[in-house]
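This report refers to the structure that appears directly beneath it.
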Amino acid sequence: MVRNLLSLPKTHLHVHLESTVRRATLREIGAANGVQVPGDMGAFGSFAAFFAQNDLVRACLQRPADFRRIAYEFCEDETTQGTRYAEVSFTAAAHGERLGDLDMPLTAVLEGLEAGREAFGIECRLILDHSRRRSVERAWRTLDLARRHDAVVAVGLAGDESHPGDPFDNVFAAAHDEGLHVVHHAGEGEGPASIRQALGPGRTERLGHGIRILDDPDLVAEVRDRRIPLEVCPTSNVALGFAPTLKDHPLPRLLDAGLVVTLNTDIPALIDTPLATEYARVRDTFAYDDRTMAALARAGVDASFAPTPIKVALHQALDTWLTVPTP
């Protein structure tokens, strides 16, 4: 039988909060803050177009209530997708600098996530990301913000990999030494050299995307043997031009190579693809059965930084999903 993927218990490990905002919410917040939001933001097929849309979203977010609202609605929307635990990325220091209050955006987001947990039962943690295009000084400010909040579990680099990660090595060495997790985007637009930098001096514990790993068989073997998870986001990869079509996406080859693959959306509102839809597209495109879909969900549980009790409960829920028929 084919089970309902909405009821599949999931984690969501690679998703950017600014790219989850509902269109109606964005228009309302924009209007309140004097920012005009087009009725149809259109599609995009390049990093440049993506950055333009992302800049519009950020311009709309100005007040504490804005940040609380998008975090709360993220919890609500993820719950409808069967997500039980999420590690959502947020570019806190960039917002803080833009608004002249370094702490406010992060504090407001944490308040929204806590309200969402109370309302919907979903557990969320934060990853504070930093654009490779921005300064090392801002990266240190990101780390300082992360140090001060227990709900922040990791820090890492995001953005265009043509900007190397080497200038930030000391920041992430300090994060690692202080017990924070480190997660970088690597191997999306650039190849094995970017991945090796992230794994080595970059200290990453997972690979955000990582799909270019297949360019180097020796690197595949190393990452497989070290059981380093990949945060794979197929629909986003196609939308941004890193895979020609979903059918041509390397996800099956990553699995066949024995790599740890987790399934995520990256930018769900911008590509109109919530998490259960991502799972459904993968199942339908590659003719995967229920056990394969459950295995992808289990990989997400094991790759997460969730406390052990949450992981145990999620594995039990996955056992139930596989054994008890769902409508």
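FYI, nothing fancy with the structure tokens labels: chains A, B, ... in order, residues from 1 per chain, ligands from 1 as they appear.
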Neighbour list for Leu270 (chain A) as a ChimeraX atom specification, cut-off 8 Å, only C-alpha atoms, skip fewer than 3 positions in-chain: /A:19-20,43,267,273
Would you write out, as a Markdown table, a table of all residues in region 136-180 of chain A that have an atom no more than 8 Å from an atom of region 194-200 of chain A, listing for each the closest atom pair and the distance in Å to one decimal, considering only C-alpha atoms and ordering rows by chain and rising residue number?
| residue | atom | partner | partner_atom | distance |
| --- | --- | --- | --- | --- |
| A:Glu161 | CA | A:Ser194 | CA | 7.2 |
| A:Pro164 | CA | A:Ser194 | CA | 7.5 |
| A:Gly165 | CA | A:Gln197 | CA | 7.0 |
| A:Asp166 | CA | A:Gln197 | CA | 7.3 |
For Ala24 (chain A), work out the shell of residues within 10 Å, counting only C-alpha atoms and skipping chain neighbours fewer than 6 positions away, then give it as a list in words.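 These residues fall inside the cut-off: Gly30, Val37 and Gly39 of chain A.
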Using N, CA and C atoms, can you write the selected residues to a file as a short mmCIF file (atom, residue, chain, number, x, y, z; two decimals), in the first residue's frame?
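As a result, result_4.cif now contains:
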data_model
loop_
_atom_site.label_atom_id
_atom_site.label_comp_id
_atom_site.auth_asym_id
_atom_site.auth_seq_id
_atom_site.Cartn_x
_atom_site.Cartn_y
_atom_site.Cartn_z
N GLY A 30 4.42 43.96 4.65
CA GLY A 30 4.97 44.98 3.78
C GLY A 30 4.14 46.25 3.79
N VAL A 37 4.70 44.97 -2.03
CA VAL A 37 4.96 43.59 -2.42
C VAL A 37 4.10 43.27 -3.63
N GLY A 39 1.78 41.46 -6.33
CA GLY A 39 0.81 40.38 -6.18
C GLY A 39 1.35 39.06 -6.67
#
Tell me, which residues of region 156-262 of chain A carry DSSP alpha helix (DSSP H), written as a PyMOL selection string? chain A and resi 169-177+192-199+217-226+234-239+251-256
Point-to-point distance from CA of Glu188 (chain A) to CA of Asp218 (chain A), Å rounded to tenths: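 Interatomic distance here is 17.9 Å.
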So which residues touch Glu123 (chain A) within 10 Å, counting only C-alpha atoms, skipping near sequence neighbours fewer than 3 positions away, as a ChimeraX atom specification? /A:11,75,79,83-87,113-114,116-118,120,306,310
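For the pair CA of Leu263 (chain A) and CA of Cys60 (chain A), the interatomic distance is 29.1 Å.
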